[in-house]
file coords_9.cif (mmCIF, C-alpha atoms)
data_coords
#
loop_
_atom_site.group_PDB
_atom_site.id
_atom_site.type_symbol
_atom_site.label_atom_id
_atom_site.label_comp_id
_atom_site.auth_asym_id
_atom_site.auth_seq_id
_atom_site.Cartn_x
_atom_site.Cartn_y
_atom_site.Cartn_z
ATOM 1 C CA MET A 1 66.357 -30.175 4.618
ATOM 2 C CA ALA A 2 66.246 -33.983 4.338
ATOM 3 C CA ALA A 3 65.550 -34.299 8.070
ATOM 4 C CA ARG A 4 62.051 -32.805 7.552
ATOM 5 C CA ARG A 5 61.381 -35.441 4.924
ATOM 6 C CA VAL A 6 62.386 -38.360 7.124
ATOM 7 C CA PRO A 7 59.810 -39.683 9.603
ATOM 8 C CA PRO A 8 60.887 -40.500 13.173
ATOM 9 C CA GLY A 9 62.800 -43.761 13.510
ATOM 10 C CA GLN A 10 63.779 -43.922 9.815
ATOM 11 C CA VAL A 11 67.291 -43.974 8.305
ATOM 12 C CA VAL A 12 67.940 -42.692 4.779
ATOM 13 C CA VAL A 13 69.480 -45.185 2.357
ATOM 14 C CA GLU A 14 71.729 -43.696 -0.295
ATOM 15 C CA GLU A 15 72.329 -46.828 -2.354
ATOM 16 C CA SER A 16 69.847 -48.299 -4.776
ATOM 17 C CA PHE A 17 66.235 -48.724 -3.773
ATOM 18 C CA PRO A 18 66.095 -51.828 -1.486
ATOM 19 C CA VAL A 19 63.991 -54.795 -2.604
ATOM 20 C CA LEU A 20 61.617 -56.603 -0.242
ATOM 21 C CA ASP A 21 58.860 -59.023 -1.201
ATOM 22 C CA LEU A 22 57.342 -62.386 -0.260
ATOM 23 C CA GLY A 23 60.239 -64.268 -1.852
ATOM 24 C CA GLN A 24 58.715 -64.672 -5.274
ATOM 25 C CA GLU A 25 58.735 -62.392 -8.278
ATOM 26 C CA PRO A 26 55.918 -63.583 -10.562
ATOM 27 C CA GLY A 27 56.755 -62.354 -14.003
ATOM 28 C CA VAL A 28 54.132 -61.881 -16.680
ATOM 29 C CA SER A 29 54.426 -60.892 -20.315
ATOM 30 C CA LEU A 30 52.795 -57.602 -21.220
ATOM 31 C CA ASP A 31 50.437 -59.316 -23.656
ATOM 32 C CA LYS A 32 49.074 -61.449 -20.778
ATOM 33 C CA TRP A 33 49.129 -58.740 -18.059
ATOM 34 C CA SER A 34 45.829 -57.315 -16.858
ATOM 35 C CA LEU A 35 44.529 -55.157 -14.050
ATOM 36 C CA GLU A 36 41.040 -56.008 -12.847
ATOM 37 C CA ILE A 37 39.257 -53.229 -10.985
ATOM 38 C CA LYS A 38 36.164 -54.571 -9.283
ATOM 39 C CA GLY A 39 33.957 -54.646 -6.214
ATOM 40 C CA LEU A 40 31.530 -51.903 -5.334
ATOM 41 C CA VAL A 41 31.970 -49.838 -8.485
ATOM 42 C CA ALA A 42 29.537 -48.701 -11.162
ATOM 43 C CA LYS A 43 31.886 -49.656 -14.004
ATOM 44 C CA PRO A 44 34.155 -52.627 -13.251
ATOM 45 C CA VAL A 45 36.928 -53.081 -15.801
ATOM 46 C CA LYS A 46 39.700 -55.455 -16.709
ATOM 47 C CA LEU A 47 42.437 -53.454 -18.390
ATOM 48 C CA SER A 48 44.967 -54.953 -20.770
ATOM 49 C CA TRP A 49 48.474 -53.488 -20.790
ATOM 50 C CA ASN A 50 47.627 -51.397 -23.865
ATOM 51 C CA GLU A 51 44.431 -50.110 -22.240
ATOM 52 C CA PHE A 52 46.326 -49.234 -19.079
ATOM 53 C CA GLN A 53 48.978 -47.422 -21.139
ATOM 54 C CA ALA A 54 46.230 -45.388 -22.847
ATOM 55 C CA LEU A 55 45.164 -43.875 -19.500
ATOM 56 C CA PRO A 56 46.650 -40.483 -18.593
ATOM 57 C CA HIS A 57 50.107 -40.871 -17.049
ATOM 58 C CA VAL A 58 51.877 -38.466 -14.700
ATOM 59 C CA GLU A 59 55.339 -38.249 -13.181
ATOM 60 C CA ARG A 60 55.788 -37.858 -9.435
ATOM 61 C CA THR A 61 58.858 -37.846 -7.219
ATOM 62 C CA TRP A 62 58.097 -39.031 -3.714
ATOM 63 C CA ASP A 63 59.989 -40.240 -0.687
ATOM 64 C CA PHE A 64 59.451 -43.931 0.073
ATOM 65 C CA HIS A 65 59.386 -45.152 3.687
ATOM 66 C CA CYS A 66 59.693 -48.808 4.649
ATOM 67 C CA VAL A 67 58.332 -50.198 7.901
ATOM 68 C CA THR A 68 61.745 -51.854 8.411
ATOM 69 C CA ARG A 69 63.059 -48.348 9.178
ATOM 70 C CA TRP A 70 64.708 -47.246 5.931
ATOM 71 C CA SER A 71 63.661 -44.340 3.717
ATOM 72 C CA LYS A 72 64.663 -43.646 0.125
ATOM 73 C CA LEU A 73 64.321 -39.974 -0.731
ATOM 74 C CA GLY A 74 63.303 -38.613 -4.114
ATOM 75 C CA VAL A 75 62.089 -41.756 -5.868
ATOM 76 C CA PRO A 76 60.834 -40.843 -9.389
ATOM 77 C CA TRP A 77 57.714 -42.732 -10.491
ATOM 78 C CA LYS A 78 55.458 -42.544 -13.538
ATOM 79 C CA GLY A 79 52.000 -44.022 -13.811
ATOM 80 C CA VAL A 80 48.267 -43.495 -13.497
ATOM 81 C CA LEU A 81 46.925 -41.423 -10.618
ATOM 82 C CA PHE A 82 44.562 -43.320 -8.361
ATOM 83 C CA ALA A 83 42.124 -40.418 -8.840
ATOM 84 C CA ASP A 84 41.906 -41.409 -12.516
ATOM 85 C CA ILE A 85 41.182 -45.022 -11.523
ATOM 86 C CA ILE A 86 38.387 -43.730 -9.280
ATOM 87 C CA ALA A 87 36.964 -41.645 -12.126
ATOM 88 C CA LEU A 88 37.125 -44.641 -14.468
ATOM 89 C CA VAL A 89 35.241 -47.125 -12.283
ATOM 90 C CA GLN A 90 33.071 -44.786 -10.174
ATOM 91 C CA PRO A 91 33.047 -46.354 -6.694
ATOM 92 C CA LYS A 92 29.683 -46.596 -4.975
ATOM 93 C CA PRO A 93 28.957 -44.364 -1.942
ATOM 94 C CA GLU A 94 29.231 -47.253 0.539
ATOM 95 C CA VAL A 95 32.913 -47.939 -0.279
ATOM 96 C CA VAL A 96 35.072 -47.830 2.863
ATOM 97 C CA ALA A 97 38.263 -49.624 1.823
ATOM 98 C CA VAL A 98 40.385 -50.500 -1.184
ATOM 99 C CA VAL A 99 42.183 -53.845 -1.413
ATOM 100 C CA PHE A 100 45.205 -54.239 -3.691
ATOM 101 C CA GLU A 101 46.012 -57.750 -4.935
ATOM 102 C CA GLY A 102 49.352 -58.901 -6.318
ATOM 103 C CA ARG A 103 50.114 -61.813 -8.648
ATOM 104 C CA ASP A 104 52.195 -63.302 -5.818
ATOM 105 C CA GLY A 105 49.130 -63.687 -3.565
ATOM 106 C CA TYR A 106 49.963 -60.543 -1.590
ATOM 107 C CA THR A 107 47.147 -58.241 -0.515
ATOM 108 C CA THR A 108 47.048 -54.956 1.337
ATOM 109 C CA ASN A 109 44.349 -52.474 2.178
ATOM 110 C CA ALA A 110 43.884 -48.713 2.390
ATOM 111 C CA PHE A 111 41.022 -46.593 3.606
ATOM 112 C CA TYR A 112 39.084 -45.217 0.652
ATOM 113 C CA ASP A 113 38.574 -41.671 1.973
ATOM 114 C CA GLU A 114 42.288 -41.307 2.594
ATOM 115 C CA ILE A 115 43.448 -42.721 -0.711
ATOM 116 C CA ALA A 116 40.807 -40.711 -2.600
ATOM 117 C CA SER A 117 41.858 -37.430 -0.994
ATOM 118 C CA ASN A 118 45.656 -37.851 -1.353
ATOM 119 C CA GLU A 119 47.788 -38.613 -4.369
ATOM 120 C CA ALA A 120 48.599 -42.248 -4.997
ATOM 121 C CA LEU A 121 49.689 -43.931 -8.182
ATOM 122 C CA ILE A 122 49.589 -47.145 -10.133
ATOM 123 C CA ALA A 123 53.191 -46.962 -11.321
ATOM 124 C CA ASP A 124 54.631 -48.563 -14.424
ATOM 125 C CA GLN A 125 57.935 -46.678 -14.475
ATOM 126 C CA LEU A 126 60.684 -46.143 -11.941
ATOM 127 C CA ASP A 127 63.490 -43.667 -12.545
ATOM 128 C CA GLY A 128 62.463 -43.104 -16.171
ATOM 129 C CA ARG A 129 62.483 -46.799 -17.124
ATOM 130 C CA PRO A 130 59.849 -49.541 -17.211
ATOM 131 C CA LEU A 131 59.196 -50.768 -13.679
ATOM 132 C CA PRO A 132 61.505 -53.767 -13.183
ATOM 133 C CA LEU A 133 60.144 -57.053 -11.894
ATOM 134 C CA GLU A 134 62.177 -56.780 -8.677
ATOM 135 C CA HIS A 135 60.257 -53.596 -7.829
ATOM 136 C CA GLY A 136 56.857 -55.094 -8.673
ATOM 137 C CA GLY A 137 56.703 -54.644 -12.437
ATOM 138 C CA PRO A 138 55.146 -54.242 -14.726
ATOM 139 C CA ALA A 139 52.807 -52.218 -12.438
ATOM 140 C CA ARG A 140 52.501 -51.618 -8.703
ATOM 141 C CA ALA A 141 50.659 -49.346 -6.323
ATOM 142 C CA VAL A 142 52.558 -46.432 -4.801
ATOM 143 C CA ILE A 143 50.941 -44.846 -1.741
ATOM 144 C CA PRO A 144 53.613 -42.362 -0.650
ATOM 145 C CA PHE A 145 51.955 -41.216 2.578
ATOM 146 C CA LEU A 146 51.929 -44.753 4.061
ATOM 147 C CA TYR A 147 54.673 -47.316 4.747
ATOM 148 C CA GLY A 148 55.802 -49.243 1.688
ATOM 149 C CA TYR A 149 53.934 -52.464 2.505
ATOM 150 C CA LYS A 150 50.759 -50.600 1.516
ATOM 151 C CA SER A 151 52.220 -50.143 -2.005
ATOM 152 C CA ALA A 152 51.446 -53.594 -3.411
ATOM 153 C CA LYS A 153 53.826 -55.005 -6.001
ATOM 154 C CA PHE A 154 52.954 -57.173 -9.035
ATOM 155 C CA LEU A 155 49.501 -55.573 -9.139
ATOM 156 C CA SER A 156 46.756 -57.706 -10.679
ATOM 157 C CA ALA A 157 43.531 -56.402 -9.086
ATOM 158 C CA ILE A 158 42.031 -53.565 -7.095
ATOM 159 C CA ARG A 159 38.837 -54.185 -5.103
ATOM 160 C CA PHE A 160 36.544 -51.544 -3.648
ATOM 161 C CA GLU A 161 34.836 -52.845 -0.490
ATOM 162 C CA ASP A 162 32.163 -51.700 1.997
ATOM 163 C CA HIS A 163 34.270 -52.898 4.931
ATOM 164 C CA ASP A 164 37.940 -53.036 5.796
ATOM 165 C CA ILE A 165 39.777 -56.241 4.898
ATOM 166 C CA PRO A 166 43.275 -56.433 6.411
ATOM 167 C CA GLY A 167 45.905 -57.698 3.994
ATOM 168 C CA TYR A 168 48.898 -60.024 4.261
ATOM 169 C CA TRP A 169 51.008 -58.037 6.745
ATOM 170 C CA GLU A 170 48.054 -56.420 8.489
ATOM 171 C CA ALA A 171 46.694 -59.882 9.371
ATOM 172 C CA ARG A 172 50.126 -60.639 10.886
ATOM 173 C CA GLY A 173 50.128 -57.717 13.315
ATOM 174 C CA TYR A 174 51.398 -54.835 11.204
ATOM 175 C CA SER A 175 49.502 -51.555 11.460
ATOM 176 C CA ASN A 176 46.278 -51.466 9.510
ATOM 177 C CA HIS A 177 46.870 -47.784 8.778
ATOM 178 C CA ALA A 178 50.703 -47.494 8.500
ATOM 179 C CA ASP A 179 51.383 -43.760 8.770
ATOM 180 C CA PRO A 180 55.193 -43.374 8.907
ATOM 181 C CA TRP A 181 54.978 -39.947 10.587
ATOM 182 C CA LYS A 182 53.086 -41.538 13.487
ATOM 183 C CA GLN A 183 55.368 -44.606 13.472
ATOM 184 C CA GLU A 184 52.342 -46.877 12.984
ATOM 185 C CA ARG A 185 54.338 -50.052 12.486
ATOM 186 C CA PHE A 186 52.375 -52.578 14.528
ATOM 187 C CA ASP A 187 48.860 -52.773 15.973
#
call {"tool": "encode", "arguments": {"input": "coords_9.cif", "output": "structure tokens"}}
result
Amino acid sequence: MAARRVPPGQVVVEESFPVLDLGQEPGVSLDKWSLEIKGLVAKPVKLSWNEFQALPHVERTWDFHCVTRWSKLGVPWKGVLFADIIALVQPKPEVVAVVFEGRDGYTTNAFYDEIASNEALIADQLDGRPLPLEHGGPARAVIPFLYGYKSAKFLSAIRFEDHDIPGYWEARGYSNHADPWKQERFD
């Protein structure tokens, strides 16, 4: 059964969820945390932690696939569906891409049509507990249908754009799309 859940070229890790980042884990207290949602939207917002917590939250269990060839099956997340973020800010019709920004300077991009038509999450819990800093806490993106580098940690902003803007790894030769089932690791 697990074999159907594992994309080609991936190996399942059984131990704890591996940690990869840019070498810095920028902590922030919850009273200073914010998530700015901006760009080509009708209603830009800057959410405090309490405002983010007031949004509808859901639980999802998804497999997580890393471009470095490991997969962690059945990772339980809780957070705000990206569809609810879309409903909140109302992106304009010309939006083509979404850029996720982390407090560590990391950025990554996703195509708007794809992220709007599939489930993705802004997660604040992992395995029933507050999202730990090492996994991008207090909130991170989780885009389960793409490699993990598209799931930005330490989330501080989301930008809706009328053109694609490759992020940190994409600008360094990693796939701009990153579909694990197509093994889109590098462009």
call {"tool": "closest_residue", "arguments": {"input": "coords_9.cif", "among": "A:Val99, A:Leu121, A:Val89, A:Leu155", "to": "Glu25 of chain A", "atoms": "all atoms listed in the file"}}
result
A:Leu155
call {"tool": "closest_residue", "arguments": {"input": "coords_9.cif", "among": "A:Lys32, A:Lys78, A:Arg103, A:Arg185", "to": "Phe154 of chain A", "atoms": "only C-alpha atoms"}}
result
A:Arg103
call {"tool": "resolve_selection", "arguments": {"input": "coords_9.cif", "expression": "the PyMOL selection byres ((chain A and resi 52-58) around 8)", "output": "number ranges by chain"}}
result
A: 35, 47-51, 59-60, 78-81, 84
call {"tool": "closest_residue", "arguments": {"input": "coords_9.cif", "among": "A:Glu184, A:Ala97, A:Pro144, A:Leu133", "to": "Gly167 of chain A", "atoms": "only C-alpha atoms"}}
result
A:Ala97
call {"tool": "closest_residue", "arguments": {"input": "coords_9.cif", "among": "A:Val19, A:Ile158, A:Ala42, A:Ala152", "to": "Pro91 of chain A", "atoms": "all atoms listed in the file"}}
result
A:Ala42
call {"tool": "residues_around", "arguments": {"input": "coords_9.cif", "residues": "segment 65-67 of chain A", "least_positions_apart": "6", "cutoff": "8 Å", "atoms": "all atoms listed in the file", "output": "list in words"}}
result
Gln10, Pro144, Leu146, Tyr147, Gly148, Tyr149, Pro180 and Arg185 of chain A
call {"tool": "resolve_selection", "arguments": {"input": "coords_9.cif", "expression": "the PyMOL selection byres ((chain A and resi 120) around 8)", "output": "PDB file with C-alpha atoms, in the frame of the given file"}}
result
ATOM      1  CA  LEU A  81      46.925 -41.423 -10.618  1.00  0.00           C
ATOM      2  CA  PHE A  82      44.562 -43.320  -8.361  1.00  0.00           C
ATOM      3  CA  ALA A  83      42.124 -40.418  -8.840  1.00  0.00           C
ATOM      4  CA  ILE A 115      43.448 -42.721  -0.711  1.00  0.00           C
ATOM      5  CA  ASN A 118      45.656 -37.851  -1.353  1.00  0.00           C
ATOM      6  CA  GLU A 119      47.788 -38.613  -4.369  1.00  0.00           C
ATOM      7  CA  LEU A 121      49.689 -43.931  -8.182  1.00  0.00           C
ATOM      8  CA  ILE A 122      49.589 -47.145 -10.133  1.00  0.00           C
ATOM      9  CA  ALA A 141      50.659 -49.346  -6.323  1.00  0.00           C
ATOM     10  CA  VAL A 142      52.558 -46.432  -4.801  1.00  0.00           C
ATOM     11  CA  ILE A 143      50.941 -44.846  -1.741  1.00  0.00           C
ATOM     12  CA  PRO A 144      53.613 -42.362  -0.650  1.00  0.00           C
TER      13      PRO A 144
END
call {"tool": "residues_near_point", "arguments": {"input": "coords_9.cif", "point": "(33.9, -51.1, -7.7)", "cutoff": "9 Å", "atoms": "only C-alpha atoms", "output": "list in words"}}
result
Ile37, Lys38, Gly39, Leu40, Val41, Ala42, Lys43, Pro44, Val45, Ile86, Val89, Gln90, Pro91, Lys92, Val95, Ile158, Arg159, Phe160 and Glu161 of chain A
call {"tool": "residues_near_point", "arguments": {"input": "coords_9.cif", "point": "(53.3, -56.0, -11.2)", "cutoff": "12 Å", "atoms": "only C-alpha atoms", "output": "short mmCIF file (atom, residue, chain, number, x, y, z; two decimals) with C-alpha atoms, keeping the file's coordinate frame"}}
result
data_model
loop_
_atom_site.label_atom_id
_atom_site.label_comp_id
_atom_site.auth_asym_id
_atom_site.auth_seq_id
_atom_site.Cartn_x
_atom_site.Cartn_y
_atom_site.Cartn_z
CA ASP A 21 58.86 -59.02 -1.20
CA GLN A 24 58.72 -64.67 -5.27
CA GLU A 25 58.74 -62.39 -8.28
CA PRO A 26 55.92 -63.58 -10.56
CA GLY A 27 56.76 -62.35 -14.00
CA VAL A 28 54.13 -61.88 -16.68
CA SER A 29 54.43 -60.89 -20.32
CA LEU A 30 52.80 -57.60 -21.22
CA LYS A 32 49.07 -61.45 -20.78
CA TRP A 33 49.13 -58.74 -18.06
CA SER A 34 45.83 -57.32 -16.86
CA LEU A 35 44.53 -55.16 -14.05
CA TRP A 49 48.47 -53.49 -20.79
CA PHE A 100 45.20 -54.24 -3.69
CA GLU A 101 46.01 -57.75 -4.93
CA GLY A 102 49.35 -58.90 -6.32
CA ARG A 103 50.11 -61.81 -8.65
CA ASP A 104 52.20 -63.30 -5.82
CA GLY A 105 49.13 -63.69 -3.56
CA TYR A 106 49.96 -60.54 -1.59
CA ILE A 122 49.59 -47.14 -10.13
CA ALA A 123 53.19 -46.96 -11.32
CA ASP A 124 54.63 -48.56 -14.42
CA GLN A 125 57.94 -46.68 -14.48
CA PRO A 130 59.85 -49.54 -17.21
CA LEU A 131 59.20 -50.77 -13.68
CA PRO A 132 61.50 -53.77 -13.18
CA LEU A 133 60.14 -57.05 -11.89
CA GLU A 134 62.18 -56.78 -8.68
CA HIS A 135 60.26 -53.60 -7.83
CA GLY A 136 56.86 -55.09 -8.67
CA GLY A 137 56.70 -54.64 -12.44
CA PRO A 138 55.15 -54.24 -14.73
CA ALA A 139 52.81 -52.22 -12.44
CA ARG A 140 52.50 -51.62 -8.70
CA ALA A 141 50.66 -49.35 -6.32
CA VAL A 142 52.56 -46.43 -4.80
CA SER A 151 52.22 -50.14 -2.00
CA ALA A 152 51.45 -53.59 -3.41
CA LYS A 153 53.83 -55.00 -6.00
CA PHE A 154 52.95 -57.17 -9.04
CA LEU A 155 49.50 -55.57 -9.14
CA SER A 156 46.76 -57.71 -10.68
CA ALA A 157 43.53 -56.40 -9.09
#
call {"tool": "resolve_selection", "arguments": {"input": "coords_9.cif", "expression": "the PyMOL selection byres ((chain A and resi 15) around 12)", "output": "NGL selection string"}}
result
:A and (12-14 or 16-19 or 70-73 or 75)
call {"tool": "write_last_selection", "arguments": {"input": "coords_9.cif", "atoms": "C-alpha atoms", "output": "mmCIF file, keeping the file's coordinate frame"}}
result
data_model
loop_
_atom_site.group_PDB
_atom_site.id
_atom_site.type_symbol
_atom_site.label_atom_id
_atom_site.label_comp_id
_atom_site.auth_asym_id
_atom_site.auth_seq_id
_atom_site.Cartn_x
_atom_site.Cartn_y
_atom_site.Cartn_z
ATOM 1 C CA VAL A 12 67.940 -42.692 4.779
ATOM 2 C CA VAL A 13 69.480 -45.185 2.357
ATOM 3 C CA GLU A 14 71.729 -43.696 -0.295
ATOM 4 C CA SER A 16 69.847 -48.299 -4.776
ATOM 5 C CA PHE A 17 66.235 -48.724 -3.773
ATOM 6 C CA PRO A 18 66.095 -51.828 -1.486
ATOM 7 C CA VAL A 19 63.991 -54.795 -2.604
ATOM 8 C CA TRP A 70 64.708 -47.246 5.931
ATOM 9 C CA SER A 71 63.661 -44.340 3.717
ATOM 10 C CA LYS A 72 64.663 -43.646 0.125
ATOM 11 C CA LEU A 73 64.321 -39.974 -0.731
ATOM 12 C CA VAL A 75 62.089 -41.756 -5.868
#
call {"tool": "closest_residue", "arguments": {"input": "coords_9.cif", "among": "A:Asp187, A:Asp63, A:Asp162, A:Asp31", "to": "Arg5 of chain A", "atoms": "only C-alpha atoms"}}
result
A:Asp63
call {"tool": "build_atoms", "arguments": {"input": "coords_9.cif", "residues": "segment 28-51 of chain A", "atoms": "N, CA and C atoms", "output": "PDB file, in the coordinates of the input"}}
result
ATOM      1  N   VAL A  28      55.234 -61.719 -15.737  1.00  0.00           N
ATOM      2  CA  VAL A  28      54.132 -61.881 -16.680  1.00  0.00           C
ATOM      3  C   VAL A  28      54.474 -61.072 -17.930  1.00  0.00           C
ATOM      4  N   SER A  29      54.185 -61.639 -19.085  1.00  0.00           N
ATOM      5  CA  SER A  29      54.426 -60.892 -20.315  1.00  0.00           C
ATOM      6  C   SER A  29      53.361 -59.807 -20.447  1.00  0.00           C
ATOM      7  N   LEU A  30      53.724 -58.724 -21.093  1.00  0.00           N
ATOM      8  CA  LEU A  30      52.795 -57.602 -21.220  1.00  0.00           C
ATOM      9  C   LEU A  30      51.537 -57.967 -21.999  1.00  0.00           C
ATOM     10  N   ASP A  31      51.635 -58.920 -22.914  1.00  0.00           N
ATOM     11  CA  ASP A  31      50.437 -59.316 -23.656  1.00  0.00           C
ATOM     12  C   ASP A  31      49.479 -60.165 -22.810  1.00  0.00           C
ATOM     13  N   LYS A  32      49.935 -60.670 -21.674  1.00  0.00           N
ATOM     14  CA  LYS A  32      49.074 -61.449 -20.778  1.00  0.00           C
ATOM     15  C   LYS A  32      48.713 -60.674 -19.501  1.00  0.00           C
ATOM     16  N   TRP A  33      49.377 -59.539 -19.254  1.00  0.00           N
ATOM     17  CA  TRP A  33      49.129 -58.740 -18.059  1.00  0.00           C
ATOM     18  C   TRP A  33      47.740 -58.126 -18.123  1.00  0.00           C
ATOM     19  N   SER A  34      47.096 -58.042 -16.959  1.00  0.00           N
ATOM     20  CA  SER A  34      45.829 -57.315 -16.858  1.00  0.00           C
ATOM     21  C   SER A  34      45.692 -56.760 -15.450  1.00  0.00           C
ATOM     22  N   LEU A  35      44.857 -55.745 -15.337  1.00  0.00           N
ATOM     23  CA  LEU A  35      44.529 -55.157 -14.050  1.00  0.00           C
ATOM     24  C   LEU A  35      43.008 -55.129 -13.957  1.00  0.00           C
ATOM     25  N   GLU A  36      42.485 -55.949 -13.049  1.00  0.00           N
ATOM     26  CA  GLU A  36      41.040 -56.008 -12.847  1.00  0.00           C
ATOM     27  C   GLU A  36      40.666 -55.061 -11.717  1.00  0.00           C
ATOM     28  N   ILE A  37      39.723 -54.185 -11.986  1.00  0.00           N
ATOM     29  CA  ILE A  37      39.257 -53.229 -10.985  1.00  0.00           C
ATOM     30  C   ILE A  37      37.786 -53.542 -10.757  1.00  0.00           C
ATOM     31  N   LYS A  38      37.463 -53.952  -9.535  1.00  0.00           N
ATOM     32  CA  LYS A  38      36.164 -54.571  -9.283  1.00  0.00           C
ATOM     33  C   LYS A  38      35.652 -54.230  -7.892  1.00  0.00           C
ATOM     34  N   GLY A  39      34.564 -54.869  -7.516  1.00  0.00           N
ATOM     35  CA  GLY A  39      33.957 -54.646  -6.214  1.00  0.00           C
ATOM     36  C   GLY A  39      32.793 -53.690  -6.343  1.00  0.00           C
ATOM     37  N   LEU A  40      32.659 -52.820  -5.377  1.00  0.00           N
ATOM     38  CA  LEU A  40      31.530 -51.903  -5.334  1.00  0.00           C
ATOM     39  C   LEU A  40      31.798 -50.673  -6.198  1.00  0.00           C
ATOM     40  N   VAL A  41      31.753 -50.901  -7.508  1.00  0.00           N
ATOM     41  CA  VAL A  41      31.970 -49.838  -8.485  1.00  0.00           C
ATOM     42  C   VAL A  41      30.876 -49.903  -9.539  1.00  0.00           C
ATOM     43  N   ALA A  42      30.562 -48.756 -10.120  1.00  0.00           N
ATOM     44  CA  ALA A  42      29.537 -48.701 -11.162  1.00  0.00           C
ATOM     45  C   ALA A  42      30.025 -49.316 -12.467  1.00  0.00           C
ATOM     46  N   LYS A  43      31.334 -49.206 -12.721  1.00  0.00           N
ATOM     47  CA  LYS A  43      31.886 -49.656 -14.004  1.00  0.00           C
ATOM     48  C   LYS A  43      33.129 -50.518 -13.802  1.00  0.00           C
ATOM     49  N   PRO A  44      32.969 -51.771 -13.390  1.00  0.00           N
ATOM     50  CA  PRO A  44      34.155 -52.627 -13.251  1.00  0.00           C
ATOM     51  C   PRO A  44      34.848 -52.797 -14.602  1.00  0.00           C
ATOM     52  N   VAL A  45      36.165 -52.921 -14.564  1.00  0.00           N
ATOM     53  CA  VAL A  45      36.928 -53.081 -15.801  1.00  0.00           C
ATOM     54  C   VAL A  45      38.042 -54.090 -15.594  1.00  0.00           C
ATOM     55  N   LYS A  46      38.485 -54.649 -16.688  1.00  0.00           N
ATOM     56  CA  LYS A  46      39.700 -55.455 -16.709  1.00  0.00           C
ATOM     57  C   LYS A  46      40.554 -54.881 -17.827  1.00  0.00           C
ATOM     58  N   LEU A  47      41.596 -54.164 -17.439  1.00  0.00           N
ATOM     59  CA  LEU A  47      42.437 -53.454 -18.390  1.00  0.00           C
ATOM     60  C   LEU A  47      43.574 -54.332 -18.892  1.00  0.00           C
ATOM     61  N   SER A  48      43.770 -54.343 -20.193  1.00  0.00           N
ATOM     62  CA  SER A  48      44.967 -54.953 -20.770  1.00  0.00           C
ATOM     63  C   SER A  48      46.112 -53.952 -20.591  1.00  0.00           C
ATOM     64  N   TRP A  49      47.335 -54.386 -20.886  1.00  0.00           N
ATOM     65  CA  TRP A  49      48.474 -53.488 -20.790  1.00  0.00           C
ATOM     66  C   TRP A  49      48.280 -52.276 -21.701  1.00  0.00           C
ATOM     67  N   ASN A  50      47.828 -52.505 -22.934  1.00  0.00           N
ATOM     68  CA  ASN A  50      47.627 -51.397 -23.865  1.00  0.00           C
ATOM     69  C   ASN A  50      46.543 -50.443 -23.375  1.00  0.00           C
ATOM     70  N   GLU A  51      45.485 -50.977 -22.784  1.00  0.00           N
ATOM     71  CA  GLU A  51      44.431 -50.110 -22.240  1.00  0.00           C
ATOM     72  C   GLU A  51      44.939 -49.317 -21.040  1.00  0.00           C
TER      73      GLU A  51
END
